[in-house]
2 protein chains.
Amino acid sequence: MPHVVIVGAGFGGLEAARGLADAAVRITIVDQRNHHLFQPLLYQVATATLATSEIAWPVRHLVRRQKNVTTLLGSVVGVNTQAKQVVLDGEKTIPFDTLILATGARHAYFGHDEWEPYAPGLKTLEDATKIRRRILAAFEQAEWETDPAERAKFLTFVIIGAGPTGVELAGTIAELARDTLRDDFRNFDTRSARVVLIEAGPRILSSFSEDLSDYAQRALTRLGVEVKLGHAVSKCGEGGVELGGEFLPAKTIIWAAGVAASPAAEWLHVPADRAGRVLVEPDLTAPGHPDIFVIGDAAHVESADGKLVPGVAPAAKQEGQYVARRIKERLRGRNPGERFAYKNAGNLATIGKRAAIVDFGWIKLRGRLAWWMWGIAHIFFLIGLRNRLAVAMNWLWIYISGQRSARLITQGETTKGGI
Amino acid sequence: MPHVVIVGAGFGGLEAARGLADAAVRITIVDQRNHHLFQPLLYQVATATLATSEIAWPVRHLVRRQKNVTTLLGSVVGVNTQAKQVVLDGEKTIPFDTLILATGARHAYFGHDEWEPYAPGLKTLEDATKIRRRILAAFEQAEWETDPAERAKFLTFVIIGAGPTGVELAGTIAELARDTLRDDFRNFDTRSARVVLIEAGPRILSSFSEDLSDYAQRALTRLGVEVKLGHAVSKCGEGGVELGGEFLPAKTIIWAAGVAASPAAEWLHVPADRAGRVLVEPDLTAPGHPDIFVIGDAAHVESADGKLVPGVAPAAKQEGQYVARRIKERLRGRNPGERFAYKNAGNLATIGKRAAIVDFGWIKLRGRLAWWMWGIAHIFFLIGLRNRLAVAMNWLWIYISGQRSARLITQGETTKGGI
């Protein structure tokens, strides 16, 4: 039976596996982590709202009933296109007949990789617990500090990049300081914390229309977030960031400004765009490799009208479904060559726990109603009844009490002062 | 106002702080972690049943309404008894009038500290996620392995020490292999996993009566656990353990055999028992230091009849309450000298998800009824309505479905083969 290997168990990879459930193929899913991650809610782990296990599930458990799938935990380091083998860390190899690369993206520092230790990005559960640890530890250190200027540094949180992740982080950190932590400290008022959102472009949430992005900015400002537009950060360091010639002292910096695709293009020696995404053919195969598909954030996919398909979960899922259909057509000896067409599933972003913006194309919403739609949509897309209930309960709890349950400082990095 | 410093926010330390809520004192709680941990359920985090945030709460949040308490995150490294100061990492100091050391215990290797990397113990959230990672990674590696003998090593789980923690771990790992993971692997049957519980003494759960410990052993055996009594481990290494001259190959080893108190005795230069516990006076003060109390697992406390008070949560709580009362009596100028008296709150242990043993002294229970009592008691003692609901829901879910939600391999140690 032909062997389909899927590298990456994100939204795209899993959807491709599901689409092949009824196909006469053997499937192997390889991922370097044992869990599928619901990335749209990762910022809620980083801000102590949800537990890690509420947004992540073992990959092998998700496909346990699909008997033609074997799941392997392993780190892919290359593809031998001649021998048709995936090469893994530790000199293991997996032969394939058809390969689907759904390897996703990491955050990128645009040539400033030296900023990473000071301004971590948010792509994995480990990233999220690291950012959570830093945010909570900053408040802890402020409780020790007696010098007001030093304390202010601990209480300044800088988020670089005002896309959905940056906006969601900024809004939630502001709520953490204003509501959640308000009664917990004795030596300062947590509401004095500054949350600064820095964006190089002229407005926040630039993938939305101007009126929605204006509304979102007003909602953020109401939560106490300082929004700095048209400012590119020129330096990130231990003590803060530099922008527009000025230095902003801050102990906690979070990077939400850019992503780069995983090295799939390098593995295949095929052309990529500036962000490292493989410039795939209209049928999502890699140029010159008809048996290798690249989907999700690892691929640069253009619609028929030449527009770039956005790097969002619904797009990755549609690509996974499309590739599964193509593989099944080929097995039947048909190759109609219908190109991938992206259906816009809507664009959502949330600002704190009371406002959100939603753009379905045919309708735009904002405010509380949009927030409830955002919440219901995300609970609906979570996997498994148990997680839906747990997340719904958590959110309801926070909505009513303002309290957040996952405020744990764990797995400490080496830091000073015994913290 | 007199300053009471409490080092350690476990059961004893927190209870002491609460007991002083109405006293004319300033209280400072110092802990090296930001969270209070419900240690009796820690094994459930290690076995992927509960999320970390379901059994841990920020210390400062627990005492937020008690306005005479300040909470500080910091690592105590000593006590200057002359200057009456607690000395912290980073050369910070905190002056005290009265000091309560509630610093707990760590697992101990009886002179074999070199075993720790191979056989981690279970005392902190980090320990629990480390053990969880190793258990789950062993199954992942078994899925790769083609040599049956090598695979058997990955599928052998050795637990050293058959106290409550060892028994609870062994029972839950057996259930994980028999039920939870059964459908998830393709290359082997998870039910072929061996769970071996090794105990140097003549029976398991030696703090219970013989009939209850017999019952528990039968219940463990029914779950498929191999119980080896009267066997002391003579070696722990990368590939397994040695006992009775024989080598048992196993990739996952967990240490549940012994604890040693934190270095409170060294800080104070006072006598300690073999496990490092301070030999406290009948009023729980350190010998020669009437202003320094030592409670919980850091203290060797004897009842009036000379029996050692056990290292369990109810004992630590009672000691914390007693110390708070003594401090308040002293403030009122009274010093009646009533000694600490331990009230036995009962002894509970659970074996898998259907059996438990309970010994209240006046009544002994075993089986399903005991299991339900165990569950209800633990939910009752969890802090906060939200956690009670969440844990109850998790347990109900596992009870019905056999599934466990927190099966995440995170914060990887460096391991081979990309895992």
# chains A, B, ... in the order shown; residues from 1 in each chain; ligands from 1

call {"tool": "residues_around", "arguments": {"residues": "Glu238 in chain A", "least_positions_apart": "5", "cutoff": "9 Å", "atoms": "only C-alpha atoms", "output": "compact mmCIF listing (two decimals) with N, CA and C atoms, in the first residue's frame"}}
result
# COMPACT_ATOMS: atom_id res chain seq x y z
N PRO A 117 16.76 36.08 23.37
CA PRO A 117 16.76 35.86 24.83
C PRO A 117 16.00 36.94 25.60
N TYR A 118 15.95 38.15 25.05
CA TYR A 118 15.30 39.26 25.77
C TYR A 118 13.82 39.39 25.41
N ALA A 250 12.30 48.43 30.39
CA ALA A 250 11.27 47.40 30.62
C ALA A 250 11.97 46.07 30.85
N LYS A 251 11.54 45.34 31.89
CA LYS A 251 12.17 44.05 32.16
C LYS A 251 11.52 42.92 31.38
N THR A 252 10.28 43.13 30.93
CA THR A 252 9.60 42.07 30.20
C THR A 252 9.26 42.54 28.79

call {"tool": "residues_around", "arguments": {"residues": "range 42-47 of chain B", "least_positions_apart": "5", "cutoff": "7 Å", "atoms": "only C-alpha atoms", "output": "ChimeraX atom specification"}}
result
/B:52,128-129,131-132,165,168-169,172-173

call {"tool": "write_last_selection", "arguments": {"atoms": "N, CA and C atoms", "output": "mmCIF file, in the first residue's frame"}}
result
data_model
loop_
_atom_site.group_PDB
_atom_site.id
_atom_site.type_symbol
_atom_site.label_atom_id
_atom_site.label_comp_id
_atom_site.auth_asym_id
_atom_site.auth_seq_id
_atom_site.Cartn_x
_atom_site.Cartn_y
_atom_site.Cartn_z
ATOM 1 N N THR B 52 -1.080 20.829 36.043
ATOM 2 C CA THR B 52 -0.333 21.454 37.134
ATOM 3 C C THR B 52 -1.167 22.507 37.855
ATOM 4 N N ALA B 128 7.127 16.451 38.872
ATOM 5 C CA ALA B 128 5.966 15.753 38.301
ATOM 6 C C ALA B 128 5.968 15.832 36.782
ATOM 7 N N THR B 129 6.272 17.017 36.213
ATOM 8 C CA THR B 129 6.275 17.096 34.750
ATOM 9 C C THR B 129 7.462 16.321 34.182
ATOM 10 N N ILE B 131 8.673 13.451 35.473
ATOM 11 C CA ILE B 131 8.284 12.044 35.492
ATOM 12 C C ILE B 131 7.239 11.768 34.411
ATOM 13 N N ARG B 132 6.279 12.683 34.269
ATOM 14 C CA ARG B 132 5.285 12.538 33.202
ATOM 15 C C ARG B 132 5.961 12.454 31.838
ATOM 16 N N THR B 165 2.951 7.166 48.019
ATOM 17 C CA THR B 165 3.296 7.717 46.706
ATOM 18 C C THR B 165 3.688 6.614 45.733
ATOM 19 N N GLU B 168 0.557 4.637 44.750
ATOM 20 C CA GLU B 168 -0.321 5.414 43.881
ATOM 21 C C GLU B 168 0.262 5.547 42.477
ATOM 22 N N LEU B 169 1.580 5.786 42.390
ATOM 23 C CA LEU B 169 2.227 5.864 41.075
ATOM 24 C C LEU B 169 2.116 4.536 40.330
ATOM 25 N N THR B 172 -1.407 3.846 39.052
ATOM 26 C CA THR B 172 -1.848 4.723 37.971
ATOM 27 C C THR B 172 -1.086 4.448 36.683
ATOM 28 N N ILE B 173 0.201 4.135 36.779
ATOM 29 C CA ILE B 173 0.951 3.807 35.555
ATOM 30 C C ILE B 173 0.380 2.525 34.942
#

call {"tool": "residues_around", "arguments": {"residues": "Gly296 in chain B", "least_positions_apart": "3", "cutoff": "8 Å", "atoms": "only C-alpha atoms", "output": "mmCIF file with all heavy atoms, in the first residue's frame"}}
result
data_model
loop_
_atom_site.group_PDB
_atom_site.id
_atom_site.type_symbol
_atom_site.label_atom_id
_atom_site.label_comp_id
_atom_site.auth_asym_id
_atom_site.auth_seq_id
_atom_site.Cartn_x
_atom_site.Cartn_y
_atom_site.Cartn_z
ATOM 1 N N PHE B 11 1.482 23.281 53.697
ATOM 2 C CA PHE B 11 0.316 23.177 54.580
ATOM 3 C C PHE B 11 0.574 23.834 55.936
ATOM 4 O O PHE B 11 -0.275 24.568 56.446
ATOM 5 C CB PHE B 11 -0.046 21.706 54.777
ATOM 6 C CG PHE B 11 -0.607 21.053 53.548
ATOM 7 C CD1 PHE B 11 0.127 20.115 52.837
ATOM 8 C CD2 PHE B 11 -1.871 21.378 53.086
ATOM 9 C CE1 PHE B 11 -0.385 19.516 51.697
ATOM 10 C CE2 PHE B 11 -2.395 20.786 51.940
ATOM 11 C CZ PHE B 11 -1.639 19.850 51.241
ATOM 12 N N GLY B 12 1.758 23.597 56.529
ATOM 13 C CA GLY B 12 2.050 24.138 57.852
ATOM 14 C C GLY B 12 2.190 25.653 57.849
ATOM 15 O O GLY B 12 1.572 26.356 58.656
ATOM 16 N N ALA B 102 9.001 26.311 58.003
ATOM 17 C CA ALA B 102 8.101 25.263 57.527
ATOM 18 C C ALA B 102 8.585 24.867 56.142
ATOM 19 O O ALA B 102 7.863 24.951 55.157
ATOM 20 C CB ALA B 102 6.667 25.788 57.489
ATOM 21 N N THR B 103 9.837 24.420 56.102
ATOM 22 C CA THR B 103 10.562 24.316 54.847
ATOM 23 C C THR B 103 10.471 22.943 54.194
ATOM 24 O O THR B 103 11.024 22.737 53.121
ATOM 25 C CB THR B 103 12.039 24.688 55.075
ATOM 26 O OG1 THR B 103 12.477 24.058 56.288
ATOM 27 C CG2 THR B 103 12.202 26.176 55.221
ATOM 28 N N GLY B 104 9.786 22.002 54.846
ATOM 29 C CA GLY B 104 9.484 20.735 54.186
ATOM 30 C C GLY B 104 10.652 19.788 54.015
ATOM 31 O O GLY B 104 11.651 19.880 54.721
ATOM 32 N N ALA B 299 10.437 19.134 60.810
ATOM 33 C CA ALA B 299 10.550 18.927 62.259
ATOM 34 C C ALA B 299 10.345 17.459 62.635
ATOM 35 O O ALA B 299 9.514 16.755 62.041
ATOM 36 C CB ALA B 299 9.521 19.786 62.991
ATOM 37 N N GLY B 311 4.670 12.482 58.760
ATOM 38 C CA GLY B 311 4.875 13.601 57.837
ATOM 39 C C GLY B 311 3.741 13.735 56.855
ATOM 40 O O GLY B 311 3.936 13.572 55.649
ATOM 41 N N VAL B 312 2.563 14.044 57.343
ATOM 42 C CA VAL B 312 1.394 14.161 56.473
ATOM 43 C C VAL B 312 0.786 15.552 56.611
ATOM 44 O O VAL B 312 1.059 16.280 57.579
ATOM 45 C CB VAL B 312 0.331 13.086 56.814
ATOM 46 C CG1 VAL B 312 0.873 11.686 56.534
ATOM 47 C CG2 VAL B 312 -0.113 13.202 58.260
ATOM 48 N N ALA B 313 -0.044 15.910 55.619
ATOM 49 C CA ALA B 313 -0.618 17.249 55.587
ATOM 50 C C ALA B 313 -1.393 17.608 56.862
ATOM 51 O O ALA B 313 -1.205 18.706 57.403
ATOM 52 C CB ALA B 313 -1.498 17.389 54.344
ATOM 53 N N ALA B 315 -0.988 16.706 59.927
ATOM 54 C CA ALA B 315 -0.053 16.981 61.020
ATOM 55 C C ALA B 315 0.562 18.366 60.855
ATOM 56 O O ALA B 315 0.623 19.161 61.801
ATOM 57 C CB ALA B 315 1.033 15.910 61.064
ATOM 58 N N ALA B 316 1.019 18.674 59.624
ATOM 59 C CA ALA B 316 1.626 19.994 59.376
ATOM 60 C C ALA B 316 0.622 21.105 59.677
ATOM 61 O O ALA B 316 0.957 22.124 60.285
ATOM 62 C CB ALA B 316 2.106 20.076 57.931
ATOM 63 N N LYS B 317 -0.632 20.901 59.273
ATOM 64 C CA LYS B 317 -1.663 21.914 59.524
ATOM 65 C C LYS B 317 -1.875 22.113 61.016
ATOM 66 O O LYS B 317 -1.976 23.245 61.499
ATOM 67 C CB LYS B 317 -2.979 21.491 58.876
ATOM 68 C CG LYS B 317 -3.029 21.674 57.384
ATOM 69 C CD LYS B 317 -4.423 21.273 56.911
ATOM 70 C CE LYS B 317 -4.618 21.551 55.443
ATOM 71 N NZ LYS B 317 -5.978 21.205 55.017
ATOM 72 N N GLU B 319 0.181 21.568 63.381
ATOM 73 C CA GLU B 319 1.354 22.230 63.948
ATOM 74 C C GLU B 319 1.330 23.728 63.657
ATOM 75 O O GLU B 319 1.649 24.553 64.517
ATOM 76 C CB GLU B 319 2.630 21.574 63.404
ATOM 77 C CG GLU B 319 2.849 20.167 63.979
ATOM 78 C CD GLU B 319 3.863 19.334 63.207
ATOM 79 O OE1 GLU B 319 4.673 19.916 62.462
ATOM 80 O OE2 GLU B 319 3.829 18.101 63.337
ATOM 81 N N GLY B 320 0.929 24.085 62.422
ATOM 82 C CA GLY B 320 0.820 25.501 62.081
ATOM 83 C C GLY B 320 -0.203 26.209 62.965
ATOM 84 O O GLY B 320 0.034 27.321 63.466
#

call {"tool": "closest_atom_pairs", "arguments": {"of": "range 68-182 of chain A", "to": "range 184-208 of chain B", "cutoff": "9 Å", "atoms": "only C-alpha atoms", "output": "Markdown table"}}
result
| residue | atom | partner | partner_atom | distance |
| --- | --- | --- | --- | --- |
| A:Val69 | CA | B:Arg186 | CA | 8.2 |
| A:Thr70 | CA | B:Arg186 | CA | 6.1 |
| A:Thr71 | CA | B:Phe185 | CA | 7.6 |

call {"tool": "write_last_selection", "arguments": {"atoms": "N, CA, C and O atoms", "output": "PDB file, in the first residue's frame"}}
result
ATOM      1  N   VAL A  69      -3.223   4.978  10.423  1.00  0.00           N
ATOM      2  CA  VAL A  69      -2.235   5.989  10.831  1.00  0.00           C
ATOM      3  C   VAL A  69      -1.336   5.450  11.938  1.00  0.00           C
ATOM      4  O   VAL A  69      -1.809   4.937  12.945  1.00  0.00           O
ATOM      5  N   THR A  70      -0.026   5.598  11.748  1.00  0.00           N
ATOM      6  CA  THR A  70       0.959   5.381  12.815  1.00  0.00           C
ATOM      7  C   THR A  70       1.546   6.743  13.170  1.00  0.00           C
ATOM      8  O   THR A  70       1.829   7.551  12.284  1.00  0.00           O
ATOM      9  N   THR A  71       1.667   7.009  14.457  1.00  0.00           N
ATOM     10  CA  THR A  71       2.221   8.285  14.888  1.00  0.00           C
ATOM     11  C   THR A  71       3.619   8.058  15.453  1.00  0.00           C
ATOM     12  O   THR A  71       3.820   7.141  16.252  1.00  0.00           O
TER      13      THR A  71
END

call {"tool": "residues_around", "arguments": {"residues": "Pro290 in chain A", "least_positions_apart": "6", "cutoff": "10 Å", "atoms": "only C-alpha atoms", "output": "list in words"}}
result
Thr98, Leu99, Glu281, Asp283 and Leu284 of chain A

call {"tool": "closest_residue", "arguments": {"among": "B:Arg334, B:Pro249, B:Ser53, B:Asn34", "to": "Ala149 in chain B", "atoms": "only C-alpha atoms"}}
result
B:Pro249

call {"tool": "select_by_dssp", "arguments": {"residues": "range 29-242 of chain A", "states": "strand (DSSP E or B)", "output": "MDAnalysis selection string"}}
result
chainID A and resid 29:31 35:37 56:58 69:73 76:80 85:88 93:95 98:101 105:107 156:160 194:198 225:228 233:237 240:242

call {"tool": "residues_around", "arguments": {"residues": "range 345-358 of chain A", "least_positions_apart": "4", "cutoff": "6 Å", "atoms": "only C-alpha atoms", "output": "list in words"}}
result
Pro164, Glu168, Gly171, Thr172, Lys364, Leu365, Arg366, Gly367, Arg368, Ala370 and Trp371 of chain A

call {"tool": "residues_around", "arguments": {"residues": "Ala137 in chain A", "least_positions_apart": "4", "cutoff": "9 Å", "atoms": "only C-alpha atoms", "output": "JSON, numbers by chain"}}
result
{"A": [132, 133, 141, 142, 154, 409, 419], "B": [34, 73]}

call {"tool": "select_by_dssp", "arguments": {"residues": "range 291-370 of chain A", "states": "alpha helix (DSSP H)", "output": "list in words"}}
result
Ala313, Pro314, Ala315, Ala316, Lys317, Gln318, Glu319, Gly320, Gln321, Tyr322, Val323, Ala324, Arg325, Arg326, Ile327, Lys328, Glu329, Arg330, Leu331, Arg368, Leu369 and Ala370 of chain A

call {"tool": "closest_residue", "arguments": {"among": "A:Ile363, A:Ile254, A:Val391, A:Ala152", "to": "chain B", "atoms": "only C-alpha atoms"}}
result
A:Val391

call {"tool": "residues_around", "arguments": {"residues": "Leu37 in chain A", "least_positions_apart": "4", "cutoff": "12 Å", "atoms": "only C-alpha atoms", "output": "PyMOL selection string"}}
result
(chain A and resi 8-14+31+33+41-43+45+52-59+62+104+123-126+128+313+381-383) or (chain B and resi 408+410)

call {"tool": "write_last_selection", "arguments": {"atoms": "C-alpha atoms", "output": "tab-separated table (two decimals), in the first residue's frame"}}
result
chain	number	residue	atom	x	y	z
A	8	GLY	CA	3.84	18.10	11.39
A	9	ALA	CA	0.63	17.51	13.33
A	10	GLY	CA	-0.73	21.03	13.28
A	11	PHE	CA	-4.07	21.99	11.76
A	12	GLY	CA	-2.94	21.20	8.20
A	13	GLY	CA	-1.20	17.90	8.86
A	14	LEU	CA	-4.00	16.46	11.00
A	31	ASP	CA	6.03	15.46	14.82
A	33	ARG	CA	6.25	17.12	19.88
A	41	LEU	CA	-5.42	30.22	22.36
A	42	LEU	CA	-1.72	29.96	23.16
A	43	TYR	CA	-1.66	33.56	24.41
A	45	VAL	CA	-1.54	30.02	28.50
A	52	THR	CA	-1.30	23.82	29.00
A	53	SER	CA	-3.35	20.63	28.84
A	54	GLU	CA	-6.51	22.55	27.95
A	55	ILE	CA	-5.20	23.55	24.51
A	56	ALA	CA	-3.00	20.58	23.61
A	57	TRP	CA	-3.75	16.91	22.97
A	58	PRO	CA	-1.56	13.91	22.25
A	59	VAL	CA	-1.42	13.50	18.48
A	62	LEU	CA	-6.48	12.24	18.20
A	104	GLY	CA	4.65	25.42	10.30
A	123	LYS	CA	4.72	29.57	19.16
A	124	THR	CA	4.98	26.54	21.51
A	125	LEU	CA	3.75	25.51	24.96
A	126	GLU	CA	7.29	26.01	26.24
A	128	ALA	CA	3.97	30.16	26.62
A	313	ALA	CA	-5.81	27.75	11.01
A	381	PHE	CA	-13.04	24.38	17.39
A	382	LEU	CA	-11.36	22.96	20.48
A	383	ILE	CA	-10.97	19.21	20.30
B	408	LEU	CA	1.94	16.33	27.42
B	410	THR	CA	6.95	19.40	27.57

call {"tool": "closest_residue", "arguments": {"among": "B:Leu389, B:Ile6, B:Leu220, B:Val278", "to": "chain A", "atoms": "only C-alpha atoms"}}
result
B:Leu389

call {"tool": "atom_distance", "arguments": {"atom1": "CA of Ala108 in chain B", "atom2": "CA of Gly239 in chain B"}}
result
20.9 Å

call {"tool": "closest_residue", "arguments": {"among": "B:Ala324, B:Ile400, B:Ala177, B:Val76", "to": "chain A", "atoms": "only C-alpha atoms"}}
result
B:Val76

call {"tool": "atom_distance", "arguments": {"atom1": "CA of Ser209 in chain A", "atom2": "CA of Asn344 in chain A"}}
result
14.7 Å

call {"tool": "atom_distance", "arguments": {"atom1": "CA of Thr28 in chain B", "atom2": "CA of Ala51 in chain A"}}
result
29.0 Å
